[in-house]
Amino acid sequence: MPPPSAVSAARTILTRLHDVMASRSNAQTKLNTVVDVIGEGLDSEVCSIYLLREGQLELFATRGLSQDAVHVTRLAIGEGLVGTIADNIDTLNLAEATAHPDFSYRPETGEDKYHSFAGVPIVRRERAVGVLCVQHVDPRRYDEVEIEALQTVAMVLSELIHSADLIDEEQTALSPAQTGPVHLTGLKLVKGLAAGNAVFHQPRITIEHVMAEDRDAELSRVYLAFDKMREQIDRMQAQAEFGVGGEHEEVLETYKMFAYDEGWSRRIIEAIDSGLTAEAAIERVQQRTRMRMRQIDDPLLADRMHDLEDLSNRLLRIVSGQMGTAASQGLRSDTILIARNLGPAELLEYDKRRLKGVVLEEGSLTAHVVIVARAMGVPVLGRVHGLKGALREGDELLLDADQGQVTLRPTPVMAEAFGARFAKSRERQAAYAKLRDVEPFTRCGTRIQVMINAGLRDDMPGLQLTGADGVGLFRTEFQFLVSATLPARERQTRLYRDVLDAAGDKPVVFRTVDIGGDKVLPYLRHNDGEHEENPAMGWRALRVALERGGLLKVQARALLEAAGGRTLNVMFPMVSEPWEFDAARDVFESQRRYLKGQKKLMPEAIRYGAMLEVPALAEMLDVIAPKLSFLSIGTNDLTQFLFAADRSNPKLAERYDWLSPAIMRFLRRVLLSVAGHQVDVTVCGEMGGRRLEALALLGLGIRRLSITPASVGPIKELVRKVDLAEIGEAMKGWLAMPPPSMREALTEWAEARGMEID
Ligand code: PEP
Ligand code: MG
């Protein structure tokens, strides 16, 4: 018969364990008593405790198995049922133990007569330091309430084991895979190299005490924490900067619903009732939620569970007073940040000088945090599996996001090889820095405009550091991406004004928001909330801005006001047809008239531009060009549309080459189409920052590039070695009769002229 409830089973056991722990007997005697208490409490013939010693799980105490096996039976992590539990840090509940593929029979234990088996990991600091299991002669699965009681007891045991010094946490809690060097691979999200020590974004909360001394005191602590957490959520909701209605409210509403969920608080109170401290009770209920989550196959429900987990962490932090992320605790000088995932705003909270790299368990190329990290110049490796199990806070790490790998606890030889590569790359950086004040004239004497792409206030120092000619693309959506709510007009104006101030007399080209599609904002979704199959070609950029007229109007006003007394350069993204450009410009012009009526300080001039990202616009250049001051070719989007190859899909990254004759011919045609007009043409896609690609663009006739700040040095260096007539001739020949590989042809050509083109 299973006990009536987890609460009473756990309470009975915990009361008795409390006495055991308080007794003056030695640790081994305590463990021997513990297995009896649990065995009786859960009506099981067998109860055993295995603890980690020298990397192996050793039978430390048992009721029911042969006493001769104590301190004799040892299992490696991953070996047998016990080893599997420790390895996966997960519960097993089996009606027939021998039927499990990982079952490994140890004759000295005499366990062959027992059929059912249930085991839970004993966890300390998120690592399994042992396993607690029960066995029964009847082939029955243990009840959920019994498993819960077992898990509660395991938490208490973890405290006993720690306080009795039964395991050497440094040595025994870690398998060789957790102490020796390990290479892990992942997705290259932001390239670069970094060496440093692991810092967890969310420092692990250490629960020091599991068993409560004073139940009422624990209850009042948890009630207070609930109040505080609910207050925080209510405040978040009240702080939403814009009017009522909209999806952000729904999101917060769901959050709030969980925060006030009575079932959740009741379970925590029940766990405290059973004898746990507030922290242990919250953790206990969270474990249960996690277990359930794993059994749920509904992504929508799993999402909701994720919210609950978030709240549970918040509550745990409040109750334990261990608030804040690593950002608020001050970083050590060389930090490699480890997180499951990060929000862009969370990343921005870190001290840029100390943060050297980021490693994420999740993450994708289009994640907002990646866009921000790129802007900050911090390398990021994503989708790294097995990180949590292999890494400890403070471990030394070598992050090589160029090669897509991270080395944990490197050997001196590994560190030396990495150091050499790193030094070389730094040397190169230093050489580029020297080019800061050197103007990029070609060998034949033509001045090339080299500008930077930016998106945050923090990017602006890059302008001085690189000596670039201005900001050729300011992605205004970054501000939207890092905000929890739609940035109010005043905030936008302040940012644009700060950016213009920082740029001084160098030009800044503001691009109106390119949101929607893959750059999802929780507070701005499609009216009907429909999921888009193909977001890059979906409801994004100018399409959103024109449909949500208010959005563009507010931005136009903010830009016009910020640029009072100076020149405003503004361009529109994803223009597909000339009328879209007209409509967007009309929004600006009507705002200009309005502001003039208000006697506000107006921009001295407004220069309008369009981005060429949608191939269709290339056929309409004769129509649109007379209206433009400039045209900016966004090759990131343009090429994905030309080749029908999703730019954010890593599988397609090698599918086409920016140097393909098709792209080159297309760009040449664009240049010919606007040749007779007074239109400045810039390339602002990533390709302009790569030397071989930039060389080809110069050969086509491009004279203005807007690129990532880190590329300014390398591109300036290249420009100074180029003779435009010579590369122009070569390109002409290759485009008339394309060689088998344009890349190879160009590489050979450049190398023959002593140009570095890596
Ligand atoms: C582009 O598409 O090339 C571009 C510069 O815009 P974004 O990368 O922001 O889409
Ligand atoms: Mg684009």
# chains A, B, ... in the order shown; residues from 1 in each chain; ligands from 1
call {"tool": "residues_near_ligand", "arguments": {"ligand": "ligand 1", "cutoff": "8 Å", "atoms": "only C-alpha atoms and all ligand atoms", "output": "list in words"}}
result
Leu473, Arg475, Asp514, Pro573, Glu613, Ile633, Gly634, Thr635, Asn636, Asp637, Leu638, Val683, Cys684, Gly685 and Glu686 of chain A
call {"tool": "write_last_selection", "arguments": {"atoms": "N, CA and C atoms", "output": "mmCIF file, in the first residue's frame"}}
result
data_model
loop_
_atom_site.group_PDB
_atom_site.id
_atom_site.type_symbol
_atom_site.label_atom_id
_atom_site.label_comp_id
_atom_site.auth_asym_id
_atom_site.auth_seq_id
_atom_site.Cartn_x
_atom_site.Cartn_y
_atom_site.Cartn_z
ATOM 1 N N LEU A 473 24.839 52.769 -42.079
ATOM 2 C CA LEU A 473 23.576 52.084 -41.772
ATOM 3 C C LEU A 473 23.411 52.082 -40.262
ATOM 4 N N ARG A 475 20.899 50.792 -37.693
ATOM 5 C CA ARG A 475 19.718 49.920 -37.628
ATOM 6 C C ARG A 475 18.861 50.352 -36.432
ATOM 7 N N ASP A 514 13.369 47.971 -39.161
ATOM 8 C CA ASP A 514 13.209 46.728 -39.920
ATOM 9 C C ASP A 514 12.841 45.646 -38.921
ATOM 10 N N PRO A 573 13.859 50.409 -45.442
ATOM 11 C CA PRO A 573 14.284 49.041 -45.750
ATOM 12 C C PRO A 573 13.249 48.277 -46.549
ATOM 13 N N GLU A 613 17.028 45.662 -51.499
ATOM 14 C CA GLU A 613 17.154 44.328 -50.907
ATOM 15 C C GLU A 613 16.232 43.350 -51.624
ATOM 16 N N ILE A 633 22.665 49.165 -50.985
ATOM 17 C CA ILE A 633 22.379 47.781 -51.379
ATOM 18 C C ILE A 633 22.601 46.868 -50.185
ATOM 19 N N GLY A 634 21.515 46.284 -49.729
ATOM 20 C CA GLY A 634 21.580 45.371 -48.572
ATOM 21 C C GLY A 634 21.769 43.962 -49.105
ATOM 22 N N THR A 635 23.035 43.591 -49.251
ATOM 23 C CA THR A 635 23.300 42.304 -49.912
ATOM 24 C C THR A 635 22.918 41.101 -49.054
ATOM 25 N N ASN A 636 22.753 41.305 -47.752
ATOM 26 C CA ASN A 636 22.351 40.152 -46.919
ATOM 27 C C ASN A 636 20.994 39.639 -47.374
ATOM 28 N N ASP A 637 20.060 40.561 -47.471
ATOM 29 C CA ASP A 637 18.723 40.148 -47.918
ATOM 30 C C ASP A 637 18.684 39.932 -49.430
ATOM 31 N N LEU A 638 19.313 40.836 -50.151
ATOM 32 C CA LEU A 638 19.247 40.743 -51.618
ATOM 33 C C LEU A 638 19.702 39.368 -52.104
ATOM 34 N N VAL A 683 27.185 49.769 -50.573
ATOM 35 C CA VAL A 683 26.835 48.393 -50.210
ATOM 36 C C VAL A 683 26.935 48.310 -48.691
ATOM 37 N N CYS A 684 25.844 47.907 -48.038
ATOM 38 C CA CYS A 684 25.879 47.866 -46.569
ATOM 39 C C CYS A 684 25.667 46.464 -46.011
ATOM 40 N N GLY A 685 25.693 45.457 -46.864
ATOM 41 C CA GLY A 685 25.580 44.072 -46.364
ATOM 42 C C GLY A 685 26.924 43.579 -45.854
ATOM 43 N N GLU A 686 26.891 42.426 -45.198
ATOM 44 C CA GLU A 686 28.109 41.867 -44.592
ATOM 45 C C GLU A 686 29.230 41.657 -45.600
#
call {"tool": "select_by_dssp", "arguments": {"residues": "segment 497-652 of chain A", "states": "alpha helix (DSSP H)", "output": "CSV table (one decimal) with N, CA and C atoms, in the first residue's frame"}}
result
chain,number,residue,atom,x,y,z
A,497,ARG,N,19.4,61.7,-31.2
A,497,ARG,CA,20.2,63.0,-30.9
A,497,ARG,C,21.6,62.6,-30.4
A,498,ASP,N,21.6,61.7,-29.5
A,498,ASP,CA,22.9,61.2,-28.9
A,498,ASP,C,23.8,60.7,-30.0
A,499,VAL,N,23.2,59.9,-30.9
A,499,VAL,CA,24.0,59.3,-32.0
A,499,VAL,C,24.6,60.4,-32.9
A,500,LEU,N,23.7,61.4,-33.3
A,500,LEU,CA,24.2,62.5,-34.1
A,500,LEU,C,25.3,63.3,-33.4
A,501,ASP,N,25.1,63.5,-32.1
A,501,ASP,CA,26.1,64.3,-31.4
A,501,ASP,C,27.4,63.5,-31.4
A,502,ALA,N,27.3,62.2,-31.2
A,502,ALA,CA,28.6,61.4,-31.1
A,502,ALA,C,29.3,61.4,-32.5
A,503,ALA,N,28.5,61.5,-33.5
A,503,ALA,CA,29.1,61.4,-34.9
A,503,ALA,C,29.7,62.7,-35.3
A,541,ALA,N,9.6,45.1,-41.9
A,541,ALA,CA,10.2,46.3,-42.3
A,541,ALA,C,9.2,47.3,-42.8
A,542,LEU,N,9.4,47.9,-44.0
A,542,LEU,CA,8.5,48.9,-44.4
A,542,LEU,C,7.1,48.5,-44.5
A,543,ARG,N,6.9,47.2,-44.7
A,543,ARG,CA,5.5,46.7,-44.8
A,543,ARG,C,4.8,46.9,-43.5
A,544,VAL,N,5.5,46.6,-42.4
A,544,VAL,CA,4.9,46.8,-41.1
A,544,VAL,C,4.7,48.3,-40.8
A,545,ALA,N,5.8,49.1,-41.2
A,545,ALA,CA,5.8,50.5,-40.9
A,545,ALA,C,4.6,51.2,-41.6
A,546,LEU,N,4.4,50.8,-42.8
A,546,LEU,CA,3.3,51.5,-43.6
A,546,LEU,C,1.9,51.1,-43.1
A,547,GLU,N,1.8,49.8,-42.7
A,547,GLU,CA,0.5,49.4,-42.2
A,547,GLU,C,0.2,49.9,-40.8
A,549,GLY,N,0.8,52.7,-39.4
A,549,GLY,CA,1.2,54.1,-39.7
A,549,GLY,C,1.7,54.9,-38.5
A,550,GLY,N,1.2,54.6,-37.3
A,550,GLY,CA,1.6,55.3,-36.1
A,550,GLY,C,3.0,55.1,-35.8
A,551,LEU,N,3.5,53.9,-36.0
A,551,LEU,CA,4.8,53.5,-35.7
A,551,LEU,C,5.8,54.4,-36.5
A,552,LEU,N,5.6,54.5,-37.8
A,552,LEU,CA,6.5,55.3,-38.7
A,552,LEU,C,6.4,56.8,-38.4
A,553,LYS,N,5.2,57.2,-38.1
A,553,LYS,CA,4.9,58.6,-37.8
A,553,LYS,C,5.8,59.0,-36.6
A,554,VAL,N,5.7,58.2,-35.5
A,554,VAL,CA,6.4,58.5,-34.3
A,554,VAL,C,7.9,58.5,-34.6
A,555,GLN,N,8.4,57.5,-35.4
A,555,GLN,CA,9.8,57.5,-35.7
A,555,GLN,C,10.2,58.7,-36.5
A,556,ALA,N,9.4,59.1,-37.5
A,556,ALA,CA,9.7,60.2,-38.3
A,556,ALA,C,9.8,61.5,-37.4
A,557,ARG,N,8.9,61.6,-36.5
A,557,ARG,CA,8.9,62.8,-35.6
A,557,ARG,C,10.2,62.8,-34.8
A,558,ALA,N,10.5,61.6,-34.3
A,558,ALA,CA,11.7,61.5,-33.4
A,558,ALA,C,13.0,61.9,-34.2
A,559,LEU,N,13.0,61.4,-35.4
A,559,LEU,CA,14.2,61.6,-36.3
A,559,LEU,C,14.3,63.1,-36.7
A,560,LEU,N,13.2,63.7,-37.1
A,560,LEU,CA,13.2,65.1,-37.5
A,560,LEU,C,13.6,66.0,-36.3
A,561,GLU,N,13.0,65.7,-35.2
A,561,GLU,CA,13.4,66.6,-34.0
A,561,GLU,C,14.8,66.4,-33.6
A,562,ALA,N,15.3,65.2,-33.7
A,562,ALA,CA,16.7,64.9,-33.2
A,562,ALA,C,17.7,65.6,-34.2
A,578,PRO,N,8.4,51.4,-56.1
A,578,PRO,CA,8.6,52.8,-55.9
A,578,PRO,C,7.5,53.4,-55.0
A,579,TRP,N,6.2,53.0,-55.1
A,579,TRP,CA,5.2,53.6,-54.3
A,579,TRP,C,5.4,53.5,-52.8
A,580,GLU,N,6.0,52.4,-52.4
A,580,GLU,CA,6.3,52.3,-51.0
A,580,GLU,C,7.2,53.4,-50.5
A,581,PHE,N,8.2,53.6,-51.3
A,581,PHE,CA,9.2,54.7,-51.0
A,581,PHE,C,8.4,56.0,-50.9
A,582,ASP,N,7.5,56.3,-51.9
A,582,ASP,CA,6.8,57.6,-51.9
A,582,ASP,C,5.9,57.7,-50.6
A,583,ALA,N,5.3,56.6,-50.2
A,583,ALA,CA,4.4,56.6,-49.1
A,583,ALA,C,5.2,56.9,-47.8
A,584,ALA,N,6.3,56.2,-47.7
A,584,ALA,CA,7.1,56.5,-46.5
A,584,ALA,C,7.6,57.9,-46.4
A,585,ARG,N,8.1,58.4,-47.6
A,585,ARG,CA,8.6,59.8,-47.6
A,585,ARG,C,7.5,60.7,-47.3
A,586,ASP,N,6.2,60.4,-47.7
A,586,ASP,CA,5.1,61.3,-47.4
A,586,ASP,C,4.9,61.4,-45.9
A,587,VAL,N,5.1,60.3,-45.2
A,587,VAL,CA,4.9,60.3,-43.8
A,587,VAL,C,5.9,61.3,-43.2
A,588,PHE,N,7.1,61.2,-43.6
A,588,PHE,CA,8.1,62.2,-43.1
A,588,PHE,C,7.8,63.6,-43.5
A,589,GLU,N,7.4,63.8,-44.7
A,589,GLU,CA,7.1,65.2,-45.2
A,589,GLU,C,5.9,65.8,-44.4
A,590,SER,N,4.9,64.9,-44.1
A,590,SER,CA,3.8,65.5,-43.4
A,590,SER,C,4.2,65.8,-41.9
A,591,GLN,N,5.0,65.0,-41.4
A,591,GLN,CA,5.5,65.3,-40.0
A,591,GLN,C,6.4,66.6,-40.1
A,592,ARG,N,7.1,66.7,-41.2
A,592,ARG,CA,8.0,67.9,-41.3
A,592,ARG,C,7.1,69.2,-41.3
A,593,ARG,N,6.0,69.1,-42.1
A,593,ARG,CA,5.1,70.3,-42.1
A,593,ARG,C,4.5,70.5,-40.7
A,594,TYR,N,4.1,69.4,-40.1
A,594,TYR,CA,3.5,69.6,-38.7
A,594,TYR,C,4.5,70.3,-37.8
A,595,LEU,N,5.7,69.8,-37.8
A,595,LEU,CA,6.7,70.4,-36.9
A,595,LEU,C,7.0,71.8,-37.2
A,596,LYS,N,7.0,72.1,-38.5
A,596,LYS,CA,7.3,73.5,-39.0
A,596,LYS,C,6.2,74.4,-38.4
A,597,GLY,N,4.9,73.9,-38.4
A,597,GLY,CA,3.8,74.7,-37.9
A,597,GLY,C,4.0,74.9,-36.4
A,615,PRO,N,14.9,42.0,-55.1
A,615,PRO,CA,15.3,42.1,-56.5
A,615,PRO,C,14.3,42.9,-57.4
A,616,ALA,N,13.0,42.8,-57.1
A,616,ALA,CA,12.1,43.5,-58.0
A,616,ALA,C,12.4,45.0,-58.1
A,617,LEU,N,12.9,45.6,-57.1
A,617,LEU,CA,13.2,47.0,-57.2
A,617,LEU,C,14.3,47.3,-58.2
A,618,ALA,N,15.1,46.4,-58.5
A,618,ALA,CA,16.2,46.6,-59.5
A,618,ALA,C,15.6,46.9,-60.8
A,621,LEU,N,14.5,50.9,-61.2
A,621,LEU,CA,15.5,51.9,-60.7
A,621,LEU,C,15.3,53.2,-61.5
A,622,ASP,N,15.0,53.1,-62.8
A,622,ASP,CA,14.8,54.3,-63.6
A,622,ASP,C,13.7,55.1,-63.1
A,623,VAL,N,12.7,54.5,-62.5
A,623,VAL,CA,11.5,55.2,-61.9
A,623,VAL,C,11.9,55.9,-60.6
A,624,ILE,N,12.5,55.1,-59.7
A,624,ILE,CA,12.8,55.5,-58.4
A,624,ILE,C,14.0,56.4,-58.2
A,635,THR,N,23.0,43.6,-49.3
A,635,THR,CA,23.3,42.3,-49.9
A,635,THR,C,22.9,41.1,-49.1
A,636,ASN,N,22.8,41.3,-47.8
A,636,ASN,CA,22.4,40.2,-46.9
A,636,ASN,C,21.0,39.6,-47.4
A,637,ASP,N,20.1,40.6,-47.5
A,637,ASP,CA,18.7,40.1,-47.9
A,637,ASP,C,18.7,39.9,-49.4
A,638,LEU,N,19.3,40.8,-50.2
A,638,LEU,CA,19.2,40.7,-51.6
A,638,LEU,C,19.7,39.4,-52.1
A,639,THR,N,20.8,38.9,-51.6
A,639,THR,CA,21.3,37.6,-52.1
A,639,THR,C,20.5,36.4,-51.6
A,640,GLN,N,19.9,36.5,-50.4
A,640,GLN,CA,19.0,35.4,-50.0
A,640,GLN,C,17.8,35.3,-50.9
A,641,PHE,N,17.3,36.5,-51.4
A,641,PHE,CA,16.2,36.5,-52.3
A,641,PHE,C,16.6,36.0,-53.7
A,642,LEU,N,17.8,36.5,-54.1
A,642,LEU,CA,18.2,36.1,-55.5
A,642,LEU,C,18.4,34.6,-55.6
call {"tool": "residues_around", "arguments": {"residues": "segment 256-266 of chain A", "least_positions_apart": "3", "cutoff": "7 Å", "atoms": "only C-alpha atoms", "output": "ChimeraX atom specification"}}
result
/A:230,233,252-253,269-270,308,311
call {"tool": "select_by_dssp", "arguments": {"residues": "segment 545-664 of chain A", "states": "strand (DSSP E or B)", "output": "PyMOL selection string"}}
result
chain A and resi 567-572+605-612+630-633
call {"tool": "write_last_selection", "arguments": {"atoms": "N, CA and C atoms", "output": "short mmCIF file (atom, residue, chain, number, x, y, z; two decimals), in the first residue's frame"}}
result
data_model
loop_
_atom_site.label_atom_id
_atom_site.label_comp_id
_atom_site.auth_asym_id
_atom_site.auth_seq_id
_atom_site.Cartn_x
_atom_site.Cartn_y
_atom_site.Cartn_z
N THR A 567 21.74 67.85 -41.03
CA THR A 567 21.18 67.09 -42.16
C THR A 567 20.66 65.75 -41.65
N LEU A 568 19.46 65.41 -42.07
CA LEU A 568 18.93 64.09 -41.72
C LEU A 568 19.04 63.17 -42.92
N ASN A 569 19.76 62.07 -42.76
CA ASN A 569 19.82 61.02 -43.79
C ASN A 569 18.93 59.89 -43.34
N VAL A 570 17.91 59.60 -44.11
CA VAL A 570 17.01 58.52 -43.70
C VAL A 570 16.76 57.58 -44.88
N MET A 571 16.74 56.29 -44.58
CA MET A 571 16.43 55.35 -45.68
C MET A 571 15.43 54.31 -45.22
N PHE A 572 14.76 53.75 -46.21
CA PHE A 572 13.68 52.80 -45.93
C PHE A 572 14.11 51.39 -46.34
N ALA A 605 18.50 69.91 -43.94
CA ALA A 605 18.14 69.21 -45.19
C ALA A 605 17.74 67.78 -44.83
N ILE A 606 16.90 67.21 -45.70
CA ILE A 606 16.59 65.78 -45.51
C ILE A 606 17.00 65.06 -46.78
N ARG A 607 17.81 64.06 -46.61
CA ARG A 607 18.21 63.24 -47.76
C ARG A 607 17.51 61.89 -47.61
N TYR A 608 16.72 61.54 -48.62
CA TYR A 608 16.00 60.27 -48.56
C TYR A 608 16.72 59.21 -49.39
N GLY A 609 16.73 58.01 -48.86
CA GLY A 609 17.33 56.91 -49.61
C GLY A 609 16.47 55.66 -49.51
N ALA A 610 16.77 54.70 -50.35
CA ALA A 610 16.06 53.41 -50.29
C ALA A 610 17.10 52.31 -50.20
N MET A 611 16.70 51.23 -49.56
CA MET A 611 17.58 50.06 -49.59
C MET A 611 17.16 49.18 -50.73
N LEU A 612 18.14 48.67 -51.43
CA LEU A 612 17.84 47.69 -52.47
C LEU A 612 18.12 46.31 -51.88
N PHE A 630 20.23 58.69 -52.24
CA PHE A 630 21.18 57.57 -52.20
C PHE A 630 20.44 56.23 -52.22
N LEU A 631 21.20 55.23 -52.63
CA LEU A 631 20.68 53.87 -52.68
C LEU A 631 21.67 53.00 -51.91
N SER A 632 21.13 52.20 -50.99
CA SER A 632 22.02 51.36 -50.21
C SER A 632 21.68 49.90 -50.51
N ILE A 633 22.67 49.16 -50.98
CA ILE A 633 22.38 47.78 -51.38
C ILE A 633 22.60 46.87 -50.18
#
call {"tool": "residues_around", "arguments": {"residues": "Thr91 of chain A", "least_positions_apart": "3", "cutoff": "9 Å", "atoms": "only C-alpha atoms", "output": "list in words"}}
result
Ile85, Ala86, Asn88, Ala118, Gly119, Val120, Pro121, Ile147, Gln151 and Met291 of chain A
call {"tool": "atom_distance", "arguments": {"atom1": "atom CA of Gln479 of chain A", "atom2": "atom CA of Arg540 of chain A"}}
result
16.2 Å
call {"tool": "residues_around", "arguments": {"residues": "Asn197 of chain A", "least_positions_apart": "6", "cutoff": "9 Å", "atoms": "only C-alpha atoms", "output": "ChimeraX atom specification"}}
result
/A:332-337,393-398
call {"tool": "residues_around", "arguments": {"residues": "Val438 of chain A", "least_positions_apart": "6", "cutoff": "12 Å", "atoms": "only C-alpha atoms", "output": "ChimeraX atom specification"}}
result
/A:431-432,447-448,450,466-469,712-713,715-717,719-720
call {"tool": "closest_residue", "arguments": {"among": "A:Val134, A:Ala736, A:Met229, A:Val575", "to": "ligand 2", "atoms": "only C-alpha atoms and all ligand atoms"}}
result
A:Val575
call {"tool": "closest_residue", "arguments": {"among": "A:Val37, A:Leu92, A:Ala401, A:Val482", "to": "Val153 of chain A", "atoms": "only C-alpha atoms"}}
result
A:Val37
call {"tool": "residues_around", "arguments": {"residues": "Val380 of chain A", "least_positions_apart": "2", "cutoff": "12 Å", "atoms": "only C-alpha atoms", "output": "number ranges by chain"}}
result
A: 185-194, 336-339, 341-342, 347, 355-365, 367, 369-378, 382-384, 399-406
call {"tool": "atom_distance", "arguments": {"atom1": "atom CA of Gly83 of chain A", "atom2": "atom CA of Gln135 of chain A"}}
result
15.9 Å
call {"tool": "atom_distance", "arguments": {"atom1": "atom CA of Arg284 of chain A", "atom2": "atom CA of Ile318 of chain A"}}
result
16.1 Å
call {"tool": "closest_residue", "arguments": {"among": "A:Ser44, A:Arg141, A:Thr73, A:Ile207", "to": "Arg124 of chain A", "atoms": "only C-alpha atoms"}}
result
A:Ile207
call {"tool": "closest_residue", "arguments": {"among": "A:Ser163, A:Thr747, A:Thr512, A:Ser8", "to": "ligand 2", "atoms": "only C-alpha atoms and all ligand atoms"}}
result
A:Thr512
